[in-house]
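Colleague: My file is target-v6.txt. It has compact mmCIF, C-alpha atoms and all ligand atoms:
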# COMPACT_ATOMS: atom_id res chain seq x y z
CA MET A 653 60.22 -144.12 98.04
CA VAL A 654 60.96 -147.77 97.13
CA PRO A 655 64.52 -148.67 98.25
CA THR A 656 66.73 -149.63 95.29
CA ALA A 657 68.73 -152.85 95.38
CA ASP A 658 72.46 -152.42 96.03
CA PRO A 659 74.26 -153.86 92.95
CA LYS A 660 77.26 -154.70 95.15
CA GLU A 661 75.19 -156.84 97.54
CA ASP A 662 75.72 -160.60 97.19
CA LYS A 663 72.48 -162.09 95.83
CA VAL A 664 74.17 -164.89 93.83
CA TYR A 665 72.26 -167.67 95.64
CA ALA A 666 69.19 -165.65 96.71
CA LYS A 667 66.72 -167.28 94.28
CA PRO A 668 66.13 -171.02 93.86
CA ILE A 669 68.54 -172.41 91.22
CA ASP A 670 67.33 -175.51 89.30
CA GLN A 671 70.68 -176.64 87.99
CA LEU A 672 73.16 -175.64 90.66
CA GLU A 673 76.70 -175.47 89.23
CA ALA A 674 80.00 -175.80 91.07
CA PHE A 675 81.16 -172.49 92.59
CA GLU A 676 83.43 -170.42 90.32
CA PHE A 677 85.19 -167.06 90.65
CA ASN A 678 83.34 -165.73 87.59
CA ALA A 679 81.97 -162.26 86.75
CA LYS A 680 78.78 -162.75 88.80
CA VAL A 681 80.83 -163.55 91.91
CA ALA A 682 83.54 -160.94 91.20
CA ASP A 683 80.88 -158.18 90.98
CA VAL A 684 79.79 -158.78 94.60
CA PHE A 685 82.86 -160.48 96.03
CA GLU A 686 83.75 -157.83 98.60
CA ASN A 687 80.28 -158.10 100.14
CA MET A 688 80.29 -161.91 99.82
CA ILE A 689 83.57 -162.48 101.67
CA GLU A 690 82.83 -159.93 104.41
CA ARG A 691 79.48 -161.61 105.14
CA SER A 692 80.82 -165.18 104.87
CA VAL A 693 84.18 -165.10 106.69
CA PRO A 694 83.95 -164.06 110.34
CA GLY A 695 86.89 -161.80 111.17
CA TYR A 696 87.74 -160.98 107.53
CA PRO A 697 88.25 -157.21 108.17
CA LEU A 698 90.46 -158.04 111.17
CA ILE A 699 92.52 -160.45 109.04
CA LEU A 700 93.07 -157.70 106.45
CA ASP A 701 94.43 -155.48 109.24
CA ILE A 702 96.65 -158.33 110.44
CA ILE A 703 98.00 -158.70 106.87
CA GLY A 704 98.88 -155.00 106.96
CA LEU A 705 100.66 -155.16 110.29
CA THR A 706 102.47 -158.42 109.44
CA THR A 707 103.72 -156.80 106.25
CA GLU A 708 104.91 -153.74 108.14
CA HIS A 709 106.72 -155.98 110.63
CA PHE A 710 108.41 -158.40 108.22
CA ALA A 711 108.78 -156.77 104.80
CA GLN A 712 112.42 -156.14 103.97
CA PRO A 713 113.66 -153.33 101.67
CA ASN A 714 114.29 -154.31 98.03
CA THR A 715 112.26 -157.52 98.21
CA CYS A 716 108.96 -158.71 96.71
CA CYS A 717 105.74 -159.38 98.63
CA TYR A 718 103.27 -161.76 97.03
CA ASP A 719 99.52 -162.15 97.42
CA LEU A 720 98.53 -165.51 95.91
CA GLY A 721 94.83 -165.57 94.95
CA CYS A 722 94.42 -161.81 95.20
CA SER A 723 90.77 -161.56 93.96
CA LEU A 724 89.79 -157.87 93.97
CA GLY A 725 93.04 -156.82 95.66
CA ALA A 726 91.82 -156.23 99.23
CA SER A 727 94.78 -158.11 100.71
CA THR A 728 97.22 -156.96 97.98
CA LEU A 729 96.47 -153.32 98.72
CA LYS A 730 96.86 -153.88 102.48
CA ILE A 731 100.30 -155.29 101.68
CA ARG A 732 101.20 -152.42 99.35
CA GLN A 733 100.08 -149.76 101.83
CA HIS A 734 102.47 -151.14 104.49
CA LEU A 735 105.55 -151.69 102.32
CA PRO A 736 108.84 -149.84 102.18
CA ILE A 737 108.90 -147.85 98.93
CA SER A 738 111.72 -150.04 97.55
CA CYS A 739 109.52 -153.17 97.61
CA LEU A 740 107.34 -154.64 94.88
CA ALA A 741 103.83 -155.98 95.67
CA ILE A 742 102.73 -158.80 93.35
CA GLY A 743 99.12 -160.01 93.21
CA ILE A 744 98.34 -163.25 91.38
CA ASP A 745 94.94 -164.62 90.37
CA ASN A 746 93.86 -166.95 87.57
CA SER A 747 90.33 -165.51 87.25
CA SER A 748 90.18 -162.89 84.48
CA ASP A 749 87.01 -161.44 86.04
CA MET A 750 88.83 -160.88 89.35
CA VAL A 751 92.02 -159.55 87.75
CA GLU A 752 90.18 -156.99 85.61
CA ARG A 753 88.37 -155.56 88.68
CA CYS A 754 91.50 -155.83 90.83
CA ARG A 755 93.48 -153.70 88.35
CA ALA A 756 90.73 -151.04 88.48
CA ASN A 757 90.92 -151.04 92.32
CA VAL A 758 94.71 -150.77 92.20
CA ALA A 759 94.43 -147.77 89.85
CA ARG A 760 92.48 -145.94 92.59
CA ASP A 761 95.18 -146.60 95.22
CA HIS A 762 97.94 -144.03 95.51
CA SER A 763 100.40 -145.69 97.88
CA GLN A 764 104.02 -145.53 96.82
CA ALA A 765 105.40 -149.05 96.42
CA GLN A 766 105.41 -150.59 92.94
CA ILE A 767 102.67 -153.11 92.26
CA GLU A 768 101.99 -155.69 89.59
CA ILE A 769 98.80 -157.75 89.17
CA ARG A 770 99.25 -160.90 87.11
CA GLN A 771 96.62 -163.22 85.68
CA GLU A 772 98.32 -166.52 86.27
CA ASP A 773 97.80 -169.93 87.86
CA LEU A 774 99.64 -169.56 91.16
CA ARG A 775 100.79 -173.18 90.84
CA ILE A 776 103.28 -172.03 88.18
CA THR A 777 104.24 -168.75 89.89
CA ARG A 778 107.94 -168.66 90.74
CA ILE A 779 108.36 -166.99 94.11
CA GLU A 780 111.62 -165.04 94.15
CA ASN A 781 113.36 -162.67 96.58
CA ALA A 782 110.25 -162.59 98.78
CA SER A 783 110.06 -161.32 102.36
CA VAL A 784 106.27 -161.73 102.75
CA VAL A 785 103.90 -164.16 101.01
CA VAL A 786 100.18 -164.16 101.77
CA MET A 787 97.52 -166.72 100.86
CA ASN A 788 94.28 -165.29 102.18
CA PHE A 789 91.69 -168.09 101.82
CA THR A 790 93.15 -169.48 98.59
CA LEU A 791 95.03 -172.72 99.44
CA GLN A 792 91.66 -174.32 100.28
CA PHE A 793 90.61 -173.97 96.62
CA LEU A 794 93.62 -175.86 95.20
CA PRO A 795 93.51 -179.61 94.54
CA GLU A 796 94.91 -181.24 97.67
CA GLY A 797 97.63 -182.98 95.66
CA ASP A 798 99.06 -179.60 94.55
CA ARG A 799 99.22 -177.93 97.96
CA ASP A 800 102.59 -179.29 99.19
CA ASN A 801 104.36 -178.17 95.99
CA VAL A 802 102.94 -174.66 96.27
CA LEU A 803 104.09 -174.33 99.87
CA ARG A 804 107.54 -175.70 99.03
CA GLY A 805 107.86 -173.07 96.25
CA ILE A 806 106.93 -170.34 98.74
CA SER A 807 109.42 -171.53 101.34
CA ASP A 808 112.20 -171.80 98.72
CA GLY A 809 111.48 -168.29 97.41
CA LEU A 810 111.59 -166.53 100.80
CA VAL A 811 114.69 -164.67 101.94
CA ASP A 812 116.07 -165.33 105.45
CA GLY A 813 113.61 -164.02 108.02
CA GLY A 814 110.80 -164.05 105.44
CA VAL A 815 107.27 -165.07 106.42
CA PHE A 816 104.25 -166.79 104.95
CA LEU A 817 100.79 -165.84 106.20
CA LEU A 818 98.26 -168.59 105.52
CA CYS A 819 94.55 -167.91 106.18
CA GLU A 820 92.13 -170.81 105.78
CA LYS A 821 88.76 -172.19 106.72
CA ILE A 822 89.38 -175.20 108.96
CA LYS A 823 87.56 -178.43 109.76
CA PHE A 824 87.80 -180.59 112.91
CA ASP A 825 88.44 -184.32 113.37
CA ASN A 826 86.20 -184.39 116.41
CA SER A 827 82.56 -184.57 115.26
CA ASN A 828 81.20 -182.60 118.25
CA GLN A 829 83.65 -179.81 117.60
CA GLN A 830 82.86 -179.87 113.87
CA ALA A 831 79.12 -179.62 114.58
CA LEU A 832 79.60 -176.78 117.08
CA PHE A 833 81.73 -174.65 114.76
CA GLU A 834 79.47 -175.34 111.76
CA ASP A 835 76.45 -174.23 113.81
CA LEU A 836 78.16 -171.06 114.96
CA HIS A 837 79.25 -170.28 111.40
CA LEU A 838 75.67 -170.84 110.22
CA SER A 839 74.45 -168.38 112.84
CA PHE A 840 77.08 -165.88 111.70
CA LYS A 841 75.83 -166.09 108.10
CA ARG A 842 72.23 -165.61 109.23
CA LEU A 843 73.34 -162.62 111.31
CA MET A 844 74.91 -161.22 108.13
CA GLY A 845 71.52 -161.37 106.44
CA TYR A 846 71.80 -164.55 104.36
CA SER A 847 68.63 -166.64 104.07
CA ASP A 848 68.63 -170.39 104.69
CA LEU A 849 68.12 -170.90 100.92
CA GLU A 850 71.22 -168.80 100.10
CA ILE A 851 73.27 -170.63 102.70
CA ALA A 852 72.17 -174.08 101.52
CA GLN A 853 72.70 -173.37 97.80
CA LYS A 854 76.13 -171.82 98.34
CA ARG A 855 77.17 -174.71 100.57
CA ALA A 856 76.14 -177.21 97.86
CA ALA A 857 77.98 -175.21 95.16
CA LEU A 858 81.17 -175.16 97.27
CA GLU A 859 81.11 -178.93 97.92
CA ASN A 860 84.34 -180.42 96.47
CA VAL A 861 85.51 -176.90 95.47
CA LEU A 862 86.50 -175.51 98.88
CA ILE A 863 88.26 -178.36 100.68
CA PRO A 864 89.28 -177.33 104.21
CA SER A 865 92.02 -178.93 106.32
CA THR A 866 92.40 -179.37 110.05
CA ILE A 867 94.85 -177.13 111.94
CA THR A 868 97.10 -180.16 112.41
CA GLU A 869 97.13 -180.86 108.65
CA LEU A 870 97.95 -177.20 107.92
CA ASN A 871 100.78 -177.13 110.46
CA GLU A 872 102.19 -180.40 109.09
CA ARG A 873 102.01 -179.13 105.51
CA VAL A 874 103.78 -175.91 106.44
CA SER A 875 106.51 -177.79 108.37
CA ARG A 876 107.03 -180.22 105.46
CA ALA A 877 107.60 -177.23 103.18
CA GLY A 878 110.64 -176.22 105.24
CA PHE A 879 109.35 -173.56 107.66
CA SER A 880 111.05 -173.65 111.05
CA ARG A 881 108.20 -172.19 113.13
CA THR A 882 104.43 -171.73 112.84
CA GLU A 883 102.17 -169.63 115.06
CA LEU A 884 98.38 -169.49 115.10
CA ILE A 885 97.87 -165.73 115.19
CA VAL A 886 94.10 -165.45 114.58
CA GLN A 887 91.15 -167.79 115.03
CA CYS A 888 87.63 -166.56 114.47
CA LEU A 889 85.18 -169.49 114.64
CA ASN A 890 86.37 -171.96 111.96
CA PHE A 891 88.69 -169.50 110.18
CA VAL A 892 92.36 -169.12 111.05
CA ALA A 893 95.51 -167.22 110.18
CA ILE A 894 98.82 -169.06 110.62
CA LEU A 895 102.13 -167.25 110.48
CA ALA A 896 104.99 -169.42 109.22
CA ILE A 897 108.53 -168.19 109.63
CA LYS A 898 111.35 -169.52 107.47
C1 LIG B 901 88.67 -166.64 98.45
S1 LIG B 901 89.41 -165.84 97.17
C2 LIG B 901 90.75 -164.95 97.93
C3 LIG B 901 90.35 -163.69 98.65
C4 LIG B 901 91.39 -162.60 98.65
N1 LIG B 901 92.71 -163.10 98.97
C5 LIG B 901 91.01 -161.50 99.61
O1 LIG B 901 91.69 -161.31 100.62
O2 LIG B 901 90.02 -160.81 99.35
C6 LIG B 901 90.32 -167.06 96.31
C7 LIG B 901 90.93 -166.52 95.02
O3 LIG B 901 91.91 -167.46 94.57
C8 LIG B 901 91.86 -167.52 93.15
N2 LIG B 901 92.42 -168.81 92.75
C9 LIG B 901 91.91 -170.06 92.96
N3 LIG B 901 92.73 -170.99 92.43
C10 LIG B 901 93.77 -170.30 91.86
C11 LIG B 901 94.94 -170.69 91.13
N4 LIG B 901 95.20 -171.98 90.89
N5 LIG B 901 95.77 -169.73 90.70
C12 LIG B 901 95.52 -168.42 90.94
N6 LIG B 901 94.43 -167.99 91.61
C13 LIG B 901 93.57 -168.92 92.07
C14 LIG B 901 90.39 -167.34 92.82
O4 LIG B 901 90.20 -166.90 91.49
C15 LIG B 901 89.94 -166.33 93.87
O5 LIG B 901 89.98 -165.02 93.38
Step by step, read the file and then write its structure as structure tokens.
Modeller:
Amino acid sequence: MVPTADPKEDKVYAKPIDQLEAFEFNAKVADVFENMIERSVPGYPLILDIIGLTTEHFAQPNTCCYDLGCSLGASTLKIRQHLPISCLAIGIDNSSDMVERCRANVARDHSQAQIEIRQEDLRITRIENASVVVMNFTLQFLPEGDRDNVLRGISDGLVDGGVFLLCEKIKFDNSNQQALFEDLHLSFKRLMGYSDLEIAQKRAALENVLIPSTITELNERVSRAGFSRTELIVQCLNFVAILAIK
């Protein structure tokens, strides 16, 4: 029997593309996004678990917990599943293709806390009465000039004792370190079954779309926004999770 192709497998960059366009969170990407992110971000399943346990640890009754850039809802549902019943989980994404599929995923989840998925540019989202805010690999897609304002809005909208979990791809100032981590990440993507053509085309499409920061830049940004303490809680190759406490 000839094996059939899995429609959920990421093949977006598998064939040569003549006119490569800038990466977008469109329908083609949304259809395979779960597979794409799992095979591209080392430690992604672990980070989802960490989002769950951070939520359980810090969510306060009668508050809101936000997931900014929620995509298909993987992180939003982790949040919801670890919330006190009196809390509201709010997922925000500006891609209609993501939001449509996210709402379908949410409909299949039967955990108790209220949840709302909004199609909205997170740069205009007003964060209010929040005890947990998560940005799981989203800040890196915002124009650099908008990032400080977004973090300031998060810090202002958190209640006392509230936390912000920021997960990002990072870069390094030191060129040897940068080369080492890039090489290891390349090996990870090959291990996950991506061909060199797929890796090269996706990298070119992400150029100037995904703009990573160094750990120092992230920590400085978070401190400028008014957080009193930051802790690096996960690093898996060149991907990190930083917990910022108000
Ligand atoms: C890498 S994905 C996030 C993955 C997701 N948090 C998860 O854990 O599976 C980045 C998401 O951010 C969304 N995004 C990018 N810029 C945005 C903006 N300005 N406002 C709202 N969403 C945005 C994209 O549409 C995309 O779905």
Colleague: Go ahead and compute the interatomic distance for CA of Ile867 in chain A and CA of Asp848 in chain A, in Å to one decimal.
Modeller: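 Here the two named atoms are 28.0 Å from each other.
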Colleague: Please return the centre and edge lengths, in Å to one decimal, of a box with edges along x, y and z that contains all listed atoms of range 726-732 of chain A, widened by 8 Å on every side, as JSON.
Modeller:
{"center_x": 96.5, "center_y": -155.3, "center_z": 100.2, "size_x": 25.4, "size_y": 21.7, "size_z": 20.5}
Colleague: Step by step, measure atom-to-atom distances between ligand LIG 901 (chain B) and each residue using all atoms listed in the file, keep those at most 8 Å, then write them as a PDB file with C-alpha atoms, in the coordinates of the input.
Modeller:
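As written to disk, pocket-v4.pdb reads:
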ATOM      1  CA  GLU A 676      83.430-170.420  90.320  1.00  0.00           C
ATOM      2  CA  PHE A 677      85.190-167.060  90.650  1.00  0.00           C
ATOM      3  CA  ASN A 678      83.340-165.730  87.590  1.00  0.00           C
ATOM      4  CA  ALA A 682      83.540-160.940  91.200  1.00  0.00           C
ATOM      5  CA  PHE A 685      82.860-160.480  96.030  1.00  0.00           C
ATOM      6  CA  GLU A 686      83.750-157.830  98.600  1.00  0.00           C
ATOM      7  CA  ILE A 689      83.570-162.480 101.670  1.00  0.00           C
ATOM      8  CA  TYR A 696      87.740-160.980 107.530  1.00  0.00           C
ATOM      9  CA  LEU A 700      93.070-157.700 106.450  1.00  0.00           C
ATOM     10  CA  ASP A 719      99.520-162.150  97.420  1.00  0.00           C
ATOM     11  CA  LEU A 720      98.530-165.510  95.910  1.00  0.00           C
ATOM     12  CA  GLY A 721      94.830-165.570  94.950  1.00  0.00           C
ATOM     13  CA  CYS A 722      94.420-161.810  95.200  1.00  0.00           C
ATOM     14  CA  SER A 723      90.770-161.560  93.960  1.00  0.00           C
ATOM     15  CA  LEU A 724      89.790-157.870  93.970  1.00  0.00           C
ATOM     16  CA  GLY A 725      93.040-156.820  95.660  1.00  0.00           C
ATOM     17  CA  ALA A 726      91.820-156.230  99.230  1.00  0.00           C
ATOM     18  CA  SER A 727      94.780-158.110 100.710  1.00  0.00           C
ATOM     19  CA  THR A 728      97.220-156.960  97.980  1.00  0.00           C
ATOM     20  CA  ILE A 744      98.340-163.250  91.380  1.00  0.00           C
ATOM     21  CA  ASP A 745      94.940-164.620  90.370  1.00  0.00           C
ATOM     22  CA  ASN A 746      93.860-166.950  87.570  1.00  0.00           C
ATOM     23  CA  SER A 747      90.330-165.510  87.250  1.00  0.00           C
ATOM     24  CA  MET A 750      88.830-160.880  89.350  1.00  0.00           C
ATOM     25  CA  GLN A 771      96.620-163.220  85.680  1.00  0.00           C
ATOM     26  CA  GLU A 772      98.320-166.520  86.270  1.00  0.00           C
ATOM     27  CA  ASP A 773      97.800-169.930  87.860  1.00  0.00           C
ATOM     28  CA  LEU A 774      99.640-169.560  91.160  1.00  0.00           C
ATOM     29  CA  ARG A 775     100.790-173.180  90.840  1.00  0.00           C
ATOM     30  CA  MET A 787      97.520-166.720 100.860  1.00  0.00           C
ATOM     31  CA  ASN A 788      94.280-165.290 102.180  1.00  0.00           C
ATOM     32  CA  PHE A 789      91.690-168.090 101.820  1.00  0.00           C
ATOM     33  CA  THR A 790      93.150-169.480  98.590  1.00  0.00           C
ATOM     34  CA  LEU A 791      95.030-172.720  99.440  1.00  0.00           C
ATOM     35  CA  PHE A 793      90.610-173.970  96.620  1.00  0.00           C
ATOM     36  CA  LEU A 794      93.620-175.860  95.200  1.00  0.00           C
TER      37      LEU A 794
END
Colleague: Residues around (82.6, -177.0, 103.2), cut-off 12 Å, counting only C-alpha atoms - what are they as a ChimeraX atom specification?
Modeller: /A:675,792-793,820-824,830,833-834,837-838,851-865,890-891
Colleague: Would you mind telling me which residue in A:Val811, A:Ala759, A:Val786, A:Ala896 lies nearest to Gly743 in chain A when using only C-alpha atoms?
Modeller: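 Using only C-alpha atoms, Gly743 in chain A sits closest to A:Val786.
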Colleague: To one decimal place, how far is CA of Val684 in chain A from CA of Lys663 in chain A in Å?
Modeller: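 So the answer is 8.1 Å.
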Colleague: With only C-alpha atoms as the basis for distance, which of A:Gln733, A:Ile885, A:Thr777, A:Asp749 is at the shortest distance from Gln764 in chain A?
Modeller: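 Once distances to Gln764 in chain A are computed over only C-alpha atoms, the minimum belongs to A:Gln733.
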Colleague: CA of Glu850 in chain A and CA of Ala831 in chain A are how many Å apart?
Modeller: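 So the answer is 19.7 Å.
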Colleague: Within 9 Å of Met844 in chain A, counting all atoms listed in the file, which residues show up once you throw out same-chain ones fewer than 6 positions away? Write them as a list in words, please.
Modeller: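 Surrounding residues, per the criterion: Glu690, Arg691 and Ser692 of chain A.
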Colleague: Could you write out the selected residues, including C-alpha atoms, as a PDB file, keeping the file's coordinate frame?
Modeller:
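Final output, saved to result36.pdb:
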ATOM      1  CA  GLU A 690      82.830-159.930 104.410  1.00  0.00           C
ATOM      2  CA  ARG A 691      79.480-161.610 105.140  1.00  0.00           C
ATOM      3  CA  SER A 692      80.820-165.180 104.870  1.00  0.00           C
TER       4      SER A 692
END
Colleague: I'd like the neighbourhood of range 875-879 of chain A as a list in words, where a residue qualifies if any of its atoms comes within 9 Å (using only C-alpha atoms), though same-chain residues fewer than 2 positions away should be ignored.
Modeller: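 Near neighbours after the sequence-gap exclusion: Asp800, Asn801, Val802, Leu803, Arg804, Gly805, Ile806, Ser807, Asp808, Val815, Phe816, Leu870, Asn871, Glu872, Arg873, Arg881, Thr882, Ala896, Ile897 and Lys898 of chain A.
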Colleague: Mind checking which residues fall within 8 Å of Gly814 in chain A, counting all atoms listed in the file, ignoring those fewer than 6 positions away in the same chain, and posting them as number ranges by chain?
Modeller: A: 710-711, 782-784, 897-898
Colleague: Any chance you could build range 852-884 of chain A out to N, CA and C atoms and write it as a PDB file, in the coordinates of the input?
Modeller:
ATOM      1  N   ALA A 852      72.182-172.686 101.973  1.00  0.00           N
ATOM      2  CA  ALA A 852      72.170-174.080 101.520  1.00  0.00           C
ATOM      3  C   ALA A 852      72.680-174.200 100.077  1.00  0.00           C
ATOM      4  N   GLN A 853      72.262-173.280  99.209  1.00  0.00           N
ATOM      5  CA  GLN A 853      72.700-173.370  97.800  1.00  0.00           C
ATOM      6  C   GLN A 853      74.198-173.093  97.674  1.00  0.00           C
ATOM      7  N   LYS A 854      74.690-172.119  98.439  1.00  0.00           N
ATOM      8  CA  LYS A 854      76.130-171.820  98.340  1.00  0.00           C
ATOM      9  C   LYS A 854      76.941-172.992  98.898  1.00  0.00           C
ATOM     10  N   ARG A 855      76.456-173.558  99.984  1.00  0.00           N
ATOM     11  CA  ARG A 855      77.170-174.710 100.570  1.00  0.00           C
ATOM     12  C   ARG A 855      77.269-175.845  99.547  1.00  0.00           C
ATOM     13  N   ALA A 856      76.144-176.125  98.856  1.00  0.00           N
ATOM     14  CA  ALA A 856      76.140-177.210  97.860  1.00  0.00           C
ATOM     15  C   ALA A 856      77.091-176.871  96.704  1.00  0.00           C
ATOM     16  N   ALA A 857      77.121-175.601  96.279  1.00  0.00           N
ATOM     17  CA  ALA A 857      77.980-175.210  95.160  1.00  0.00           C
ATOM     18  C   ALA A 857      79.469-175.320  95.537  1.00  0.00           C
ATOM     19  N   LEU A 858      79.768-175.125  96.824  1.00  0.00           N
ATOM     20  CA  LEU A 858      81.170-175.160  97.270  1.00  0.00           C
ATOM     21  C   LEU A 858      81.679-176.577  97.576  1.00  0.00           C
ATOM     22  N   GLU A 859      80.746-177.535  97.624  1.00  0.00           N
ATOM     23  CA  GLU A 859      81.110-178.930  97.920  1.00  0.00           C
ATOM     24  C   GLU A 859      82.157-179.393  96.893  1.00  0.00           C
ATOM     25  N   ASN A 860      83.242-179.962  97.350  1.00  0.00           N
ATOM     26  CA  ASN A 860      84.340-180.420  96.470  1.00  0.00           C
ATOM     27  C   ASN A 860      85.074-179.288  95.747  1.00  0.00           C
ATOM     28  N   VAL A 861      84.778-178.046  96.063  1.00  0.00           N
ATOM     29  CA  VAL A 861      85.510-176.900  95.470  1.00  0.00           C
ATOM     30  C   VAL A 861      86.370-176.265  96.565  1.00  0.00           C
ATOM     31  N   LEU A 862      85.745-175.997  97.710  1.00  0.00           N
ATOM     32  CA  LEU A 862      86.500-175.510  98.880  1.00  0.00           C
ATOM     33  C   LEU A 862      86.717-176.726  99.787  1.00  0.00           C
ATOM     34  N   ILE A 863      87.966-177.167  99.865  1.00  0.00           N
ATOM     35  CA  ILE A 863      88.260-178.360 100.680  1.00  0.00           C
ATOM     36  C   ILE A 863      89.136-177.951 101.864  1.00  0.00           C
ATOM     37  N   PRO A 864      88.509-177.812 103.060  1.00  0.00           N
ATOM     38  CA  PRO A 864      89.280-177.330 104.210  1.00  0.00           C
ATOM     39  C   PRO A 864      90.164-178.429 104.810  1.00  0.00           C
ATOM     40  N   SER A 865      91.129-178.010 105.604  1.00  0.00           N
ATOM     41  CA  SER A 865      92.020-178.930 106.320  1.00  0.00           C
ATOM     42  C   SER A 865      91.822-178.712 107.810  1.00  0.00           C
ATOM     43  N   THR A 866      92.365-179.624 108.613  1.00  0.00           N
ATOM     44  CA  THR A 866      92.400-179.370 110.050  1.00  0.00           C
ATOM     45  C   THR A 866      93.641-178.504 110.343  1.00  0.00           C
ATOM     46  N   ILE A 867      93.662-177.917 111.540  1.00  0.00           N
ATOM     47  CA  ILE A 867      94.850-177.130 111.940  1.00  0.00           C
ATOM     48  C   ILE A 867      96.094-178.012 111.908  1.00  0.00           C
ATOM     49  N   THR A 868      95.943-179.249 112.387  1.00  0.00           N
ATOM     50  CA  THR A 868      97.100-180.160 112.410  1.00  0.00           C
ATOM     51  C   THR A 868      97.611-180.386 110.993  1.00  0.00           C
ATOM     52  N   GLU A 869      96.698-180.641 110.048  1.00  0.00           N
ATOM     53  CA  GLU A 869      97.130-180.860 108.650  1.00  0.00           C
ATOM     54  C   GLU A 869      97.845-179.614 108.107  1.00  0.00           C
ATOM     55  N   LEU A 870      97.320-178.434 108.430  1.00  0.00           N
ATOM     56  CA  LEU A 870      97.950-177.200 107.920  1.00  0.00           C
ATOM     57  C   LEU A 870      99.355-177.054 108.503  1.00  0.00           C
ATOM     58  N   ASN A 871      99.459-177.273 109.829  1.00  0.00           N
ATOM     59  CA  ASN A 871     100.780-177.130 110.460  1.00  0.00           C
ATOM     60  C   ASN A 871     101.766-178.146 109.884  1.00  0.00           C
ATOM     61  N   GLU A 872     101.292-179.380 109.645  1.00  0.00           N
ATOM     62  CA  GLU A 872     102.190-180.400 109.090  1.00  0.00           C
ATOM     63  C   GLU A 872     102.633-180.031 107.677  1.00  0.00           C
ATOM     64  N   ARG A 873     101.686-179.531 106.881  1.00  0.00           N
ATOM     65  CA  ARG A 873     102.010-179.130 105.510  1.00  0.00           C
ATOM     66  C   ARG A 873     103.068-178.039 105.495  1.00  0.00           C
ATOM     67  N   VAL A 874     102.867-177.060 106.377  1.00  0.00           N
ATOM     68  CA  VAL A 874     103.780-175.910 106.440  1.00  0.00           C
ATOM     69  C   VAL A 874     105.170-176.394 106.899  1.00  0.00           C
ATOM     70  N   SER A 875     105.209-177.276 107.892  1.00  0.00           N
ATOM     71  CA  SER A 875     106.510-177.790 108.370  1.00  0.00           C
ATOM     72  C   SER A 875     107.206-178.574 107.261  1.00  0.00           C
ATOM     73  N   ARG A 876     106.442-179.435 106.559  1.00  0.00           N
ATOM     74  CA  ARG A 876     107.030-180.220 105.460  1.00  0.00           C
ATOM     75  C   ARG A 876     107.662-179.332 104.398  1.00  0.00           C
ATOM     76  N   ALA A 877     107.108-178.131 104.231  1.00  0.00           N
ATOM     77  CA  ALA A 877     107.600-177.230 103.180  1.00  0.00           C
ATOM     78  C   ALA A 877     108.912-176.559 103.582  1.00  0.00           C
ATOM     79  N   GLY A 878     109.328-176.736 104.843  1.00  0.00           N
ATOM     80  CA  GLY A 878     110.640-176.220 105.240  1.00  0.00           C
ATOM     81  C   GLY A 878     110.594-175.021 106.173  1.00  0.00           C
ATOM     82  N   PHE A 879     109.416-174.681 106.703  1.00  0.00           N
ATOM     83  CA  PHE A 879     109.350-173.560 107.660  1.00  0.00           C
ATOM     84  C   PHE A 879     109.776-174.056 109.033  1.00  0.00           C
ATOM     85  N   SER A 880     110.496-173.187 109.770  1.00  0.00           N
ATOM     86  CA  SER A 880     111.050-173.650 111.050  1.00  0.00           C
ATOM     87  C   SER A 880     110.046-173.444 112.187  1.00  0.00           C
ATOM     88  N   ARG A 881     109.091-172.532 112.007  1.00  0.00           N
ATOM     89  CA  ARG A 881     108.200-172.190 113.130  1.00  0.00           C
ATOM     90  C   ARG A 881     106.842-171.767 112.587  1.00  0.00           C
ATOM     91  N   THR A 882     105.755-172.222 113.225  1.00  0.00           N
ATOM     92  CA  THR A 882     104.430-171.730 112.840  1.00  0.00           C
ATOM     93  C   THR A 882     103.708-171.251 114.099  1.00  0.00           C
ATOM     94  N   GLU A 883     102.951-170.169 113.944  1.00  0.00           N
ATOM     95  CA  GLU A 883     102.170-169.630 115.060  1.00  0.00           C
ATOM     96  C   GLU A 883     100.750-169.381 114.577  1.00  0.00           C
ATOM     97  N   LEU A 884      99.778-169.835 115.370  1.00  0.00           N
ATOM     98  CA  LEU A 884      98.380-169.490 115.100  1.00  0.00           C
ATOM     99  C   LEU A 884      98.178-168.072 115.616  1.00  0.00           C
TER     100      LEU A 884
END
